[in-house]
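This is coords.txt (compact mmCIF, C-alpha atoms).
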```txt
# COMPACT_ATOMS: atom_id res chain seq x y z
CA MET A 1 124.86 89.97 96.88
CA LYS A 2 125.49 93.54 95.82
CA ASN A 3 123.86 95.94 98.26
CA GLU A 4 122.19 98.29 95.83
CA GLU A 5 121.13 101.73 97.01
CA THR A 6 118.00 103.58 95.90
CA LEU A 7 117.74 107.29 95.11
CA SER A 8 116.15 107.76 98.54
CA GLY A 9 119.16 106.22 100.28
CA LEU A 10 117.66 102.80 101.01
CA HIS A 11 119.74 99.63 100.77
CA LEU A 12 117.94 96.67 99.21
CA ALA A 13 119.68 94.19 101.52
CA ASP A 14 118.08 95.88 104.54
CA PHE A 15 114.67 94.79 103.28
CA GLN A 16 115.52 91.13 102.71
CA LYS A 17 114.31 88.82 105.46
CA VAL A 18 112.25 85.67 105.96
CA ILE A 19 108.98 86.35 107.79
CA ASP A 20 106.38 83.62 108.33
CA GLY A 21 108.41 81.44 105.98
CA LYS A 22 108.24 83.98 103.13
CA GLU A 23 110.97 86.21 101.72
CA THR A 24 110.62 89.96 101.85
CA ASN A 25 112.10 92.24 99.20
CA LEU A 26 112.05 95.85 98.09
CA CYS A 27 111.03 96.55 94.49
CA VAL A 28 112.33 99.73 92.86
CA LEU A 29 110.18 101.41 90.19
CA ALA A 30 111.67 104.14 88.01
CA ASN A 31 110.25 106.21 85.15
CA LYS A 32 111.70 108.13 82.21
CA LYS A 33 111.66 111.38 84.18
CA GLY A 34 114.00 109.99 86.83
CA SER A 35 111.35 109.66 89.54
CA GLU A 36 111.39 106.59 91.76
CA ALA A 37 109.05 104.64 94.04
CA THR A 38 109.97 101.68 96.21
CA ILE A 39 107.51 98.98 97.24
CA LEU A 40 108.02 96.46 100.06
CA ASN A 41 106.11 93.19 99.90
CA TYR A 42 105.78 93.11 103.70
CA GLY A 43 102.43 94.88 104.03
CA ALA A 44 102.48 95.89 100.34
CA LYS A 45 104.03 99.12 101.61
CA ILE A 46 105.11 102.20 99.70
CA VAL A 47 108.46 102.92 101.35
CA SER A 48 109.65 105.94 99.36
CA VAL A 49 108.48 108.21 96.55
CA MET A 50 111.07 110.47 94.92
CA VAL A 51 109.62 113.26 92.74
CA PRO A 52 111.10 116.61 91.65
CA ASP A 53 110.38 119.86 93.47
CA ARG A 54 110.03 123.24 91.72
CA ASN A 55 113.83 123.40 91.29
CA GLY A 56 114.06 119.88 89.90
CA LYS A 57 115.52 118.43 93.11
CA LEU A 58 114.28 114.90 93.78
CA THR A 59 112.42 114.83 97.10
CA ASP A 60 111.16 111.86 99.10
CA ILE A 61 107.59 112.76 100.08
CA VAL A 62 106.45 109.75 102.17
CA THR A 63 107.41 108.75 105.69
CA GLY A 64 108.84 105.30 106.26
CA HIS A 65 111.65 103.19 107.63
CA GLN A 66 115.19 102.27 106.66
CA SER A 67 114.73 98.49 106.95
CA VAL A 68 112.12 95.77 107.17
CA ASP A 69 113.16 95.17 110.79
CA ASP A 70 112.16 98.74 111.62
CA TYR A 71 108.70 98.13 110.13
CA LEU A 72 108.29 95.05 112.32
CA THR A 73 108.68 97.07 115.50
CA SER A 74 107.30 100.45 114.40
CA GLU A 75 104.77 102.30 116.53
CA GLU A 76 103.24 103.38 113.18
CA PRO A 77 102.49 99.96 111.64
CA TYR A 78 100.49 101.43 108.75
CA PHE A 79 103.20 103.57 107.13
CA GLY A 80 102.61 103.15 103.38
CA ALA A 81 100.69 99.91 103.83
CA VAL A 82 97.67 98.34 102.22
CA CYS A 83 95.06 98.04 104.99
CA GLY A 84 92.59 95.16 104.98
CA ARG A 85 90.65 93.02 105.12
CA TYR A 86 88.65 95.99 106.32
CA GLY A 87 90.48 99.34 106.30
CA ASN A 88 89.28 101.88 108.87
CA ARG A 89 87.01 100.91 111.75
CA ILE A 90 84.25 98.41 112.49
CA ALA A 91 82.34 99.28 115.66
CA LYS A 92 82.91 96.92 118.58
CA GLY A 93 84.58 94.35 116.31
CA SER A 94 81.25 92.94 115.20
CA PHE A 95 78.93 92.84 112.20
CA THR A 96 76.10 90.75 110.78
CA LEU A 97 76.12 89.37 107.24
CA ASP A 98 73.27 87.32 105.75
CA GLY A 99 71.95 86.67 109.25
CA ALA A 100 75.26 85.35 110.60
CA VAL A 101 76.97 87.30 113.37
CA TYR A 102 80.73 87.82 113.17
CA ASP A 103 81.75 89.17 116.55
CA ARG A 104 85.33 87.97 117.02
CA LEU A 105 87.14 90.74 115.21
CA ALA A 106 90.06 92.13 117.20
CA ILE A 107 89.38 95.15 119.38
CA ASN A 108 92.57 97.07 118.63
CA ASN A 109 91.50 100.72 118.58
CA GLY A 110 89.51 101.80 121.61
CA PRO A 111 86.34 99.65 121.51
CA ASN A 112 86.65 99.04 117.76
CA CYS A 113 88.41 96.95 115.15
CA LEU A 114 90.87 99.01 113.06
CA HIS A 115 92.44 98.19 109.67
CA GLY A 116 91.67 94.48 109.72
CA GLY A 117 92.70 93.56 113.24
CA LEU A 118 95.87 92.51 115.04
CA LYS A 119 97.51 91.14 111.92
CA GLY A 120 95.89 92.87 108.99
CA PHE A 121 97.12 93.06 105.42
CA ASN A 122 99.73 95.60 106.58
CA ALA A 123 101.53 92.90 108.57
CA VAL A 124 101.69 89.96 106.16
CA VAL A 125 104.11 89.08 103.36
CA TRP A 126 102.60 89.40 99.90
CA GLU A 127 103.73 87.49 96.84
CA MET A 128 105.53 89.98 94.61
CA LYS A 129 105.84 89.86 90.83
CA ARG A 130 107.58 92.56 88.85
CA ILE A 131 105.65 93.25 85.63
CA ASP A 132 108.16 95.71 84.17
CA GLY A 133 110.49 98.47 85.34
CA GLN A 134 107.56 100.66 86.30
CA THR A 135 105.00 98.12 87.55
CA VAL A 136 104.80 95.55 90.34
CA GLU A 137 101.94 93.23 91.31
CA LEU A 138 101.41 91.92 94.82
CA GLY A 139 99.09 89.11 95.83
CA TYR A 140 97.81 87.79 99.15
CA VAL A 141 95.37 85.03 100.07
CA SER A 142 93.50 85.66 103.31
CA GLU A 143 92.13 82.35 104.54
CA ASP A 144 88.56 81.84 105.73
CA GLY A 145 88.29 83.02 109.34
CA GLU A 146 91.51 85.05 109.32
CA GLU A 147 91.15 87.84 111.88
CA GLY A 148 87.50 86.79 112.27
CA PHE A 149 86.39 87.53 108.69
CA PRO A 150 84.50 84.96 106.60
CA GLY A 151 85.60 83.65 103.21
CA ARG A 152 88.88 82.81 101.52
CA LEU A 153 89.80 86.11 99.90
CA LYS A 154 92.31 86.45 97.07
CA THR A 155 93.60 90.00 96.67
CA THR A 156 95.98 91.59 94.18
CA VAL A 157 97.36 95.11 94.34
CA THR A 158 99.26 96.63 91.43
CA TYR A 159 101.49 99.69 91.73
CA ARG A 160 102.52 101.52 88.56
CA LEU A 161 104.77 104.58 88.34
CA THR A 162 103.87 106.27 85.07
CA ASP A 163 106.03 108.58 82.97
CA ASP A 164 103.64 111.38 84.00
CA ASN A 165 104.78 111.00 87.63
CA GLU A 166 101.61 109.24 88.73
CA ILE A 167 101.40 106.33 91.14
CA VAL A 168 98.46 104.25 89.98
CA ILE A 169 97.18 101.72 92.54
CA THR A 170 94.78 99.05 91.28
CA TYR A 171 93.03 96.65 93.65
CA ARG A 172 91.24 93.41 92.74
CA ALA A 173 89.72 90.73 94.98
CA VAL A 174 87.53 87.61 94.80
CA THR A 175 86.07 85.42 97.53
CA ASP A 176 84.57 81.94 97.95
CA ARG A 177 82.08 83.06 100.65
CA PRO A 178 80.22 86.30 101.28
CA THR A 179 82.52 88.69 103.14
CA VAL A 180 83.10 92.39 103.77
CA LEU A 181 86.01 94.23 102.24
CA ASN A 182 87.50 97.73 102.37
CA LEU A 183 91.00 98.22 100.95
CA THR A 184 93.09 101.38 101.13
CA ASN A 185 96.68 102.57 101.01
CA HIS A 186 97.86 104.30 104.17
CA SER A 187 100.80 106.37 102.92
CA TYR A 188 101.78 109.33 105.07
CA PHE A 189 102.68 112.28 102.82
CA ASN A 190 104.75 115.37 103.51
CA LEU A 191 105.21 117.23 100.23
CA SER A 192 107.91 119.42 101.79
CA GLY A 193 109.94 116.22 102.13
CA ALA A 194 109.68 113.36 104.60
CA GLY A 195 111.33 114.57 107.77
CA ASP A 196 109.86 118.06 107.52
CA SER A 197 108.22 118.63 110.88
CA TYR A 198 104.73 119.96 110.04
CA ILE A 199 102.13 119.74 107.28
CA GLY A 200 100.07 122.64 108.60
CA ASP A 201 101.26 124.89 105.78
CA HIS A 202 100.13 122.47 103.05
CA LEU A 203 97.25 123.82 100.97
CA LEU A 204 94.49 121.23 100.72
CA THR A 205 91.38 120.94 98.56
CA VAL A 206 88.90 118.06 98.99
CA ASN A 207 86.11 117.50 96.48
CA ALA A 208 83.39 116.88 99.05
CA ASP A 209 80.27 118.77 100.09
CA TYR A 210 79.72 116.32 102.96
CA TYR A 211 81.68 114.44 105.59
CA LEU A 212 80.86 111.80 108.21
CA PRO A 213 80.87 113.14 111.77
CA THR A 214 81.96 110.59 114.35
CA ASP A 215 81.58 109.84 118.03
CA GLU A 216 84.58 110.06 120.36
CA THR A 217 85.71 106.58 119.25
CA ALA A 218 85.89 107.64 115.56
CA ILE A 219 82.79 105.66 114.52
CA PRO A 220 80.43 107.69 112.28
CA TYR A 221 77.01 108.48 113.72
CA GLY A 222 75.50 107.52 110.38
CA PRO A 223 74.11 110.48 108.42
CA LYS A 224 76.50 112.70 106.50
CA GLU A 225 76.69 116.40 107.31
CA LYS A 226 77.56 119.41 105.20
CA THR A 227 81.12 120.68 105.37
CA GLU A 228 79.87 124.20 104.61
CA GLY A 229 80.29 126.61 107.48
CA THR A 230 82.62 124.30 109.43
CA PRO A 231 86.39 123.77 109.72
CA MET A 232 85.79 120.54 107.76
CA ASP A 233 85.20 122.47 104.54
CA PHE A 234 88.07 122.09 102.05
CA ARG A 235 86.07 122.69 98.88
CA GLN A 236 88.31 125.71 98.37
CA PRO A 237 92.03 125.55 99.25
CA HIS A 238 92.86 126.01 102.92
CA ALA A 239 96.07 125.50 104.83
CA VAL A 240 95.76 122.24 106.74
CA GLY A 241 96.71 123.96 109.99
CA GLU A 242 94.51 127.01 109.50
CA ARG A 243 91.55 125.66 111.51
CA ILE A 244 92.90 122.39 112.91
CA ASN A 245 92.89 123.66 116.51
CA ASP A 246 89.46 125.32 116.34
CA ASP A 247 87.07 124.66 119.20
CA PHE A 248 84.99 122.24 117.13
CA GLU A 249 83.80 118.95 118.59
CA GLN A 250 84.87 116.82 115.64
CA LEU A 251 88.41 118.19 115.74
CA ARG A 252 88.58 117.70 119.51
CA PHE A 253 87.54 114.05 119.14
CA GLY A 254 90.31 113.31 116.65
CA LYS A 255 93.01 115.72 117.93
CA GLY A 256 92.70 117.15 114.41
CA TYR A 257 91.37 115.78 111.16
CA ASP A 258 90.63 112.04 111.10
CA HIS A 259 87.42 111.92 109.12
CA THR A 260 85.84 110.41 106.03
CA TYR A 261 84.80 112.81 103.29
CA VAL A 262 81.90 111.80 101.03
CA LEU A 263 83.30 112.54 97.59
CA ASN A 264 81.20 114.37 95.03
CA LYS A 265 80.40 111.86 92.29
CA GLU A 266 77.84 111.75 89.53
CA LYS A 267 78.29 108.03 88.93
CA GLU A 268 79.21 105.30 91.40
CA GLY A 269 82.61 103.76 90.80
CA GLU A 270 83.91 106.33 88.32
CA LEU A 271 87.50 107.58 88.55
CA THR A 272 87.12 111.21 89.63
CA PHE A 273 89.03 114.01 91.31
CA CYS A 274 89.33 113.50 95.05
CA ALA A 275 91.79 116.01 96.48
CA ARG A 276 94.71 118.34 95.79
CA CYS A 277 97.53 119.03 98.23
CA MET A 278 100.46 121.41 97.73
CA SER A 279 103.55 122.33 99.71
CA PRO A 280 104.45 126.03 99.46
CA LYS A 281 108.04 125.12 100.42
CA THR A 282 108.76 122.79 97.50
CA GLY A 283 105.92 123.57 95.10
CA ILE A 284 105.15 119.85 94.90
CA ILE A 285 101.48 119.16 94.15
CA MET A 286 99.68 115.87 94.69
CA ASP A 287 96.36 115.40 92.89
CA THR A 288 94.39 112.37 94.03
CA TYR A 289 91.79 110.56 91.91
CA THR A 290 89.79 107.51 92.94
CA THR A 291 86.90 105.21 92.10
CA GLU A 292 86.12 104.96 95.82
CA PRO A 293 83.17 106.85 97.38
CA GLY A 294 85.19 108.38 100.18
CA VAL A 295 88.56 109.53 101.45
CA GLN A 296 89.82 109.53 105.02
CA LEU A 297 91.78 112.68 105.81
CA TYR A 298 94.18 111.97 108.67
CA THR A 299 96.63 114.64 109.77
CA GLY A 300 99.09 112.51 111.75
CA ASN A 301 97.60 113.61 115.07
CA TRP A 302 98.96 110.62 116.99
CA MET A 303 102.51 110.67 115.63
CA THR A 304 105.02 111.06 118.47
CA GLY A 305 108.44 111.71 116.97
CA ASN A 306 109.79 108.85 119.09
CA LEU A 307 110.61 106.48 116.24
CA THR A 308 113.51 106.84 113.84
CA GLY A 309 112.51 106.89 110.19
CA LYS A 310 114.45 106.93 106.95
CA ASN A 311 117.87 108.57 107.05
CA GLY A 312 117.53 109.24 110.77
CA GLN A 313 114.41 111.36 110.38
CA ARG A 314 111.90 111.94 113.17
CA TYR A 315 108.18 112.22 112.52
CA PRO A 316 106.51 114.31 115.23
CA GLU A 317 102.81 115.06 115.63
CA ARG A 318 101.26 116.27 112.35
CA ALA A 319 104.46 115.72 110.38
CA ALA A 320 102.48 114.04 107.60
CA LEU A 321 98.95 113.60 106.30
CA CYS A 322 97.08 110.69 104.77
CA LEU A 323 94.46 110.69 102.02
CA GLU A 324 93.13 107.15 102.35
CA THR A 325 90.70 106.48 99.50
CA GLN A 326 88.12 103.94 100.65
CA HIS A 327 84.56 102.98 101.46
CA PHE A 328 83.13 104.32 104.69
CA PRO A 329 83.99 103.21 108.25
CA ASP A 330 81.60 100.75 109.87
CA SER A 331 79.70 100.19 106.60
CA PRO A 332 78.89 96.55 107.54
CA ASN A 333 76.77 97.96 110.38
CA LYS A 334 75.25 100.82 108.39
CA PRO A 335 73.08 99.63 105.49
CA GLU A 336 72.57 103.21 104.32
CA TYR A 337 76.26 103.41 103.34
CA PRO A 338 77.64 102.18 99.99
CA PRO A 339 77.92 98.38 100.36
CA THR A 340 81.19 96.67 101.19
CA VAL A 341 79.91 93.10 100.74
CA LEU A 342 81.75 90.89 98.24
CA ARG A 343 80.10 87.65 97.14
CA PRO A 344 81.31 84.55 95.28
CA GLY A 345 81.28 85.19 91.56
CA GLY A 346 81.70 88.92 92.07
CA VAL A 347 84.90 90.88 91.65
CA PHE A 348 86.02 93.80 93.80
CA GLU A 349 87.87 96.35 91.66
CA SER A 350 89.14 99.76 92.68
CA GLN A 351 91.71 102.29 91.50
CA THR A 352 93.42 105.28 93.04
CA VAL A 353 95.88 107.66 91.38
CA TYR A 354 98.34 109.96 93.14
CA ALA A 355 99.57 112.40 90.46
CA PHE A 356 102.58 114.60 91.20
CA SER A 357 103.47 117.91 89.59
CA VAL A 358 104.96 121.28 90.64
CA GLU A 359 103.81 124.86 90.90
```
Would you write out, as structure tokens, the structure that this file holds?
Amino acid sequence: MKNEETLSGLHLADFQKVIDGKETNLCVLANKKGSEATILNYGAKIVSVMVPDRNGKLTDIVTGHQSVDDYLTSEEPYFGAVCGRYGNRIAKGSFTLDGAVYDRLAINNGPNCLHGGLKGFNAVVWEMKRIDGQTVELGYVSEDGEEGFPGRLKTTVTYRLTDDNEIVITYRAVTDRPTVLNLTNHSYFNLSGAGDSYIGDHLLTVNADYYLPTDETAIPYGPKEKTEGTPMDFRQPHAVGERINDDFEQLRFGKGYDHTYVLNKEKEGELTFCARCMSPKTGIIMDTYTTEPGVQLYTGNWMTGNLTGKNGQRYPERAALCLETQHFPDSPNKPEYPPTVLRPGGVFESQTVYAFSVE
């Protein structure tokens, strides 16, 4: 088999393996402008995104690995992945639904369940179907009881790279029993180029008047609080690193930003502006839009630089940031939050757009 190489320097053969009896492969999407995105069906991961900087130079702006084997052993298992069945945290690995208690979720993040448990959607092989040269669809069936969650859940995720340099992610899911569901993509972005050591200079705007303060285990207290007058306020552009080390309890808890922002929306479920991020080094801008009610801003506070990424790159602390569009953490235990319950006959649908341009 010819070992094709992508624009980002990846070799397709390095992503071909049999895991859990299923074949893994890397799908290459390319648009008319010459941009490229690669999608791995192990974890439905975005492995690379090549977009032009202000000088027209194609730049890979997501962290990732050079092979599927590296993803299997990575200390950052969520690079580029779809997280589920429940992205973010569920307190103490337990929730109650319709009077039934589900208390056998994995405790894999302090005292809590994170991103679906020990083997979440980030660590399974999805069925992959190329729709066209710019679109790929991935499907996964999570059986009843998997990782402690009820219901047989069928999920599809579609990635499309448009000719306007947008990555459009569309999620759809159905279940045969009542269950809880929170899906997100966990790409780590550095708009100066993956391998750049720090995202503190990135200018960030988040369309949110409120955020969810958390306890020291990253579980929200419950009520939202105003961003105004705090280092959490990104309603106007601020450098990510401008206030990240302020003596502010929420930033101390997370070693930086690791919080859900309550997005300003007039209508539930509408596709609206979420955030804008820009690198002054490359001029690359990423505008994020979503139908979700929230976005988790994570500034790579726990990255170590120990692992080797694509093209020999290292990813030290705060070398990337995540804008994980999603419902709120611990919603199954907080009835005041937007509901995350999916029932038989219902359809979960969600869309997020990452739109790239230059300044």
Open item on the list: Let me make sure I understand: among A:Ile285, A:Leu138, A:Leu114, A:Val68, which one has the smallest atom-to-atom distance to Phe189 (chain A) if we use only C-alpha atoms?
Closed with: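 For Phe189 (chain A), the nearest of the candidates is A:Ile285.
Proximity ranking of A:Lys267, A:Phe248, A:Gly99, A:Phe356 relative to Lys33 (chain A) places A:Phe356 first, based on all atoms listed in the file.
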May I have a table of the residues of region 247-340 of chain A lying at most 9 Å from region 208-232 of chain A, giving each one's closest pair of atoms and their distance in Å to one decimal, counting all atoms listed in the file, ordered by chain and ascending residue number, as JSON lines?
```
{"residue": "A:Phe248", "atom": "CA", "partner": "A:Pro231", "partner_atom": "CA", "distance": 7.7}
{"residue": "A:Gln250", "atom": "CA", "partner": "A:Pro213", "partner_atom": "CA", "distance": 6.7}
{"residue": "A:Leu251", "atom": "CA", "partner": "A:Pro231", "partner_atom": "CA", "distance": 8.5}
{"residue": "A:Arg252", "atom": "CA", "partner": "A:Glu216", "partner_atom": "CA", "distance": 8.7}
{"residue": "A:Phe253", "atom": "CA", "partner": "A:Glu216", "partner_atom": "CA", "distance": 5.1}
{"residue": "A:Gly254", "atom": "CA", "partner": "A:Ala218", "partner_atom": "CA", "distance": 7.3}
{"residue": "A:Tyr257", "atom": "CA", "partner": "A:Met232", "partner_atom": "CA", "distance": 8.1}
{"residue": "A:Asp258", "atom": "CA", "partner": "A:Ala218", "partner_atom": "CA", "distance": 7.9}
{"residue": "A:His259", "atom": "CA", "partner": "A:Leu212", "partner_atom": "CA", "distance": 6.6}
{"residue": "A:Thr260", "atom": "CA", "partner": "A:Leu212", "partner_atom": "CA", "distance": 5.6}
{"residue": "A:Tyr261", "atom": "CA", "partner": "A:Tyr211", "partner_atom": "CA", "distance": 4.2}
{"residue": "A:Val262", "atom": "CA", "partner": "A:Tyr211", "partner_atom": "CA", "distance": 5.3}
{"residue": "A:Leu263", "atom": "CA", "partner": "A:Ala208", "partner_atom": "CA", "distance": 4.6}
{"residue": "A:Asn264", "atom": "CA", "partner": "A:Ala208", "partner_atom": "CA", "distance": 5.2}
{"residue": "A:Lys265", "atom": "CA", "partner": "A:Ala208", "partner_atom": "CA", "distance": 8.9}
{"residue": "A:Cys274", "atom": "CA", "partner": "A:Ala208", "partner_atom": "CA", "distance": 7.9}
{"residue": "A:Ala275", "atom": "CA", "partner": "A:Ala208", "partner_atom": "CA", "distance": 8.8}
{"residue": "A:Gly294", "atom": "CA", "partner": "A:Ala208", "partner_atom": "CA", "distance": 8.8}
{"residue": "A:Phe328", "atom": "CA", "partner": "A:Leu212", "partner_atom": "CA", "distance": 8.6}
{"residue": "A:Pro329", "atom": "CA", "partner": "A:Ile219", "partner_atom": "CA", "distance": 6.8}
{"residue": "A:Asp330", "atom": "CA", "partner": "A:Ile219", "partner_atom": "CA", "distance": 6.9}
{"residue": "A:Lys334", "atom": "CA", "partner": "A:Gly222", "partner_atom": "CA", "distance": 7.0}
{"residue": "A:Glu336", "atom": "CA", "partner": "A:Gly222", "partner_atom": "CA", "distance": 8.0}
{"residue": "A:Tyr337", "atom": "CA", "partner": "A:Gly222", "partner_atom": "CA", "distance": 8.2}
```
Keeping only C-alpha atoms, write those residues as a PDB file, in the coordinates of the input.
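Output file out.pdb is given in full below:
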```pdb
ATOM      1  CA  PHE A 248      84.990 122.240 117.130  1.00  0.00           C
ATOM      2  CA  GLN A 250      84.870 116.820 115.640  1.00  0.00           C
ATOM      3  CA  LEU A 251      88.410 118.190 115.740  1.00  0.00           C
ATOM      4  CA  ARG A 252      88.580 117.700 119.510  1.00  0.00           C
ATOM      5  CA  PHE A 253      87.540 114.050 119.140  1.00  0.00           C
ATOM      6  CA  GLY A 254      90.310 113.310 116.650  1.00  0.00           C
ATOM      7  CA  TYR A 257      91.370 115.780 111.160  1.00  0.00           C
ATOM      8  CA  ASP A 258      90.630 112.040 111.100  1.00  0.00           C
ATOM      9  CA  HIS A 259      87.420 111.920 109.120  1.00  0.00           C
ATOM     10  CA  THR A 260      85.840 110.410 106.030  1.00  0.00           C
ATOM     11  CA  TYR A 261      84.800 112.810 103.290  1.00  0.00           C
ATOM     12  CA  VAL A 262      81.900 111.800 101.030  1.00  0.00           C
ATOM     13  CA  LEU A 263      83.300 112.540  97.590  1.00  0.00           C
ATOM     14  CA  ASN A 264      81.200 114.370  95.030  1.00  0.00           C
ATOM     15  CA  LYS A 265      80.400 111.860  92.290  1.00  0.00           C
ATOM     16  CA  CYS A 274      89.330 113.500  95.050  1.00  0.00           C
ATOM     17  CA  ALA A 275      91.790 116.010  96.480  1.00  0.00           C
ATOM     18  CA  GLY A 294      85.190 108.380 100.180  1.00  0.00           C
ATOM     19  CA  PHE A 328      83.130 104.320 104.690  1.00  0.00           C
ATOM     20  CA  PRO A 329      83.990 103.210 108.250  1.00  0.00           C
ATOM     21  CA  ASP A 330      81.600 100.750 109.870  1.00  0.00           C
ATOM     22  CA  LYS A 334      75.250 100.820 108.390  1.00  0.00           C
ATOM     23  CA  GLU A 336      72.570 103.210 104.320  1.00  0.00           C
ATOM     24  CA  TYR A 337      76.260 103.410 103.340  1.00  0.00           C
TER      25      TYR A 337
END
```
Task: From A:Asn31, A:Asn301, A:Thr288, A:Thr59, residue lying nearest Ile244 (chain A) [only C-alpha atoms] - done: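 That would be A:Asn301, the residue with the smallest distance to Ile244 (chain A).
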Could you give me, as JSON lines, every region 276-298 of chain A residue with an atom at most 10 Å from region 158-174 of chain A, plus its closest atom pair and distance in Å to one decimal, counting all atoms listed in the file, rows ordered by chain then number?
```
{"residue": "A:Met286", "atom": "CA", "partner": "A:Glu166", "partner_atom": "CA", "distance": 9.1}
{"residue": "A:Asp287", "atom": "CA", "partner": "A:Glu166", "partner_atom": "CA", "distance": 9.1}
{"residue": "A:Thr288", "atom": "CA", "partner": "A:Glu166", "partner_atom": "CA", "distance": 9.5}
{"residue": "A:Tyr289", "atom": "CA", "partner": "A:Val168", "partner_atom": "CA", "distance": 9.4}
{"residue": "A:Thr290", "atom": "CA", "partner": "A:Ile169", "partner_atom": "CA", "distance": 9.4}
```
Open item on the list: Quick check, in Å to one decimal: how far apart do CA of Glu147 (chain A) and CA of Ala123 (chain A) lie?
Closed with: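 Pair CA of Glu147 (chain A) / CA of Ala123 (chain A) returns 12.0 Å.
Of note, CA of Pro293 (chain A) and CA of Arg104 (chain A) are spaced 27.3 Å apart.
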TODO: Compare A:His202, A:Lys281, A:Arg54, A:Arg276 by their minimum atom-to-atom distance to Glu242 (chain A), counting all atoms listed in the file, and give me the closest one.
DONE: A:His202
- [ ] Have a look at CA of Gly116 (chain A) and CA of Asn25 (chain A) and let me know their distance in Å, one decimal.
- [x]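 Atom-to-atom, CA of Gly116 (chain A) to CA of Asn25 (chain A), that is 23.1 Å.
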Task: Nearest residue to Ser350 (chain A) from the set A:Asn109, A:Ser279, A:Thr6, A:Thr291 (distances using all atoms listed in the file) - done: A:Thr291
Open item on the list: Could you list, as a list in words, every residue within 9 Å of Leu10 (chain A), counting all atoms listed in the file and ignoring same-chain residues fewer than 3 positions away?
Closed with: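 The residues that qualify are Glu4, Glu5, Thr6, Leu7, Ala13, Asp14, Phe15, Ser48, His65, Gln66, Ser67, Lys310 and Asn311 of chain A.
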Padding of 4 Å on every side, edges along x, y and z, all listed atoms of region 192-198 of chain A included: what centre and edge lengths in Å, to one decimal, does that box have, as AutoDock Vina command-line options?
```
--center_x 108.0 --center_y 116.7 --center_z 106.3 --size_x 14.6 --size_y 14.6 --size_z 17.1
```
- [ ] Tell me which of A:Arg152, A:Lys22, A:Arg243, A:Arg85 sits closest to Val180 (chain A), counting only C-alpha atoms.
- [x]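 With only C-alpha atoms as the atom set, the closest residue is A:Arg85.
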Open item on the list: List as a ChimeraX atom specification the residues having at least one atom at most 12 Å from position (112.2, 112.3, 96.3) as given in the file, counting all atoms listed in the file.
Closed with: /A:6-10,30,34-38,47-53,56-63,165,189-195,282,284,356
Open item on the list: Env of Phe121 (chain A): 8 Å cut, atoms = all atoms listed in the file, seq-sep filter 2 positions within chain, self excluded. Answer as a PyMOL selection string.
Closed with: chain A and resi 43-44+81-85+116+119+123-124
Open item on the list: Give me the residues near Gly110 (chain A) as an MDAnalysis selection string, where near means some atom within 9 Å (using only C-alpha atoms) and where sequence neighbours in that chain fewer than 3 positions away do not count.
Closed with: chainID A and resid 92 107 113 217
Open item on the list: Residues proximal to (111.7, 99.1, 95.4) were defined as those with any atom within 6 Å of that point in the file's coordinates, counting only C-alpha atoms. Which are they, as a list of chain:residue names?
Closed with: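 Residues close enough to count: A:Leu26, A:Cys27, A:Val28, A:Leu29, A:Thr38, A:Ile39.
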Filtering to N, CA, C and O atoms, could region 28-35 of chain A of the supplied structure be written out as a PDB file, in the first residue's frame?
```
ATOM      1  N   VAL A  28      -8.604  12.101   5.129  1.00  0.00           N
ATOM      2  CA  VAL A  28      -8.084  13.420   4.785  1.00  0.00           C
ATOM      3  C   VAL A  28      -9.167  14.218   4.061  1.00  0.00           C
ATOM      4  O   VAL A  28      -9.684  13.789   3.029  1.00  0.00           O
ATOM      5  N   LEU A  29      -9.511  15.379   4.614  1.00  0.00           N
ATOM      6  CA  LEU A  29     -10.479  16.287   4.002  1.00  0.00           C
ATOM      7  C   LEU A  29      -9.727  17.485   3.438  1.00  0.00           C
ATOM      8  O   LEU A  29      -8.844  18.029   4.105  1.00  0.00           O
ATOM      9  N   ALA A  30     -10.072  17.899   2.233  1.00  0.00           N
ATOM     10  CA  ALA A  30      -9.404  19.040   1.610  1.00  0.00           C
ATOM     11  C   ALA A  30     -10.432  19.900   0.889  1.00  0.00           C
ATOM     12  O   ALA A  30     -11.382  19.380   0.292  1.00  0.00           O
ATOM     13  N   ASN A  31     -10.232  21.231   0.947  1.00  0.00           N
ATOM     14  CA  ASN A  31     -11.180  22.123   0.278  1.00  0.00           C
ATOM     15  C   ASN A  31     -10.528  22.845  -0.904  1.00  0.00           C
ATOM     16  O   ASN A  31      -9.334  22.653  -1.192  1.00  0.00           O
ATOM     17  N   LYS A  32     -11.299  23.675  -1.572  1.00  0.00           N
ATOM     18  CA  LYS A  32     -10.829  24.346  -2.784  1.00  0.00           C
ATOM     19  C   LYS A  32      -9.757  25.394  -2.502  1.00  0.00           C
ATOM     20  O   LYS A  32      -9.037  25.818  -3.410  1.00  0.00           O
ATOM     21  N   LYS A  33      -9.640  25.807  -1.237  1.00  0.00           N
ATOM     22  CA  LYS A  33      -8.641  26.807  -0.873  1.00  0.00           C
ATOM     23  C   LYS A  33      -7.303  26.183  -0.490  1.00  0.00           C
ATOM     24  O   LYS A  33      -6.361  26.904  -0.150  1.00  0.00           O
ATOM     25  N   GLY A  34      -7.247  24.842  -0.522  1.00  0.00           N
ATOM     26  CA  GLY A  34      -6.005  24.159  -0.185  1.00  0.00           C
ATOM     27  C   GLY A  34      -5.846  23.831   1.282  1.00  0.00           C
ATOM     28  O   GLY A  34      -4.810  23.300   1.698  1.00  0.00           O
ATOM     29  N   SER A  35      -6.857  24.137   2.100  1.00  0.00           N
ATOM     30  CA  SER A  35      -6.802  23.778   3.512  1.00  0.00           C
ATOM     31  C   SER A  35      -7.077  22.288   3.664  1.00  0.00           C
ATOM     32  O   SER A  35      -7.654  21.648   2.787  1.00  0.00           O
TER      33      SER A  35
END
```
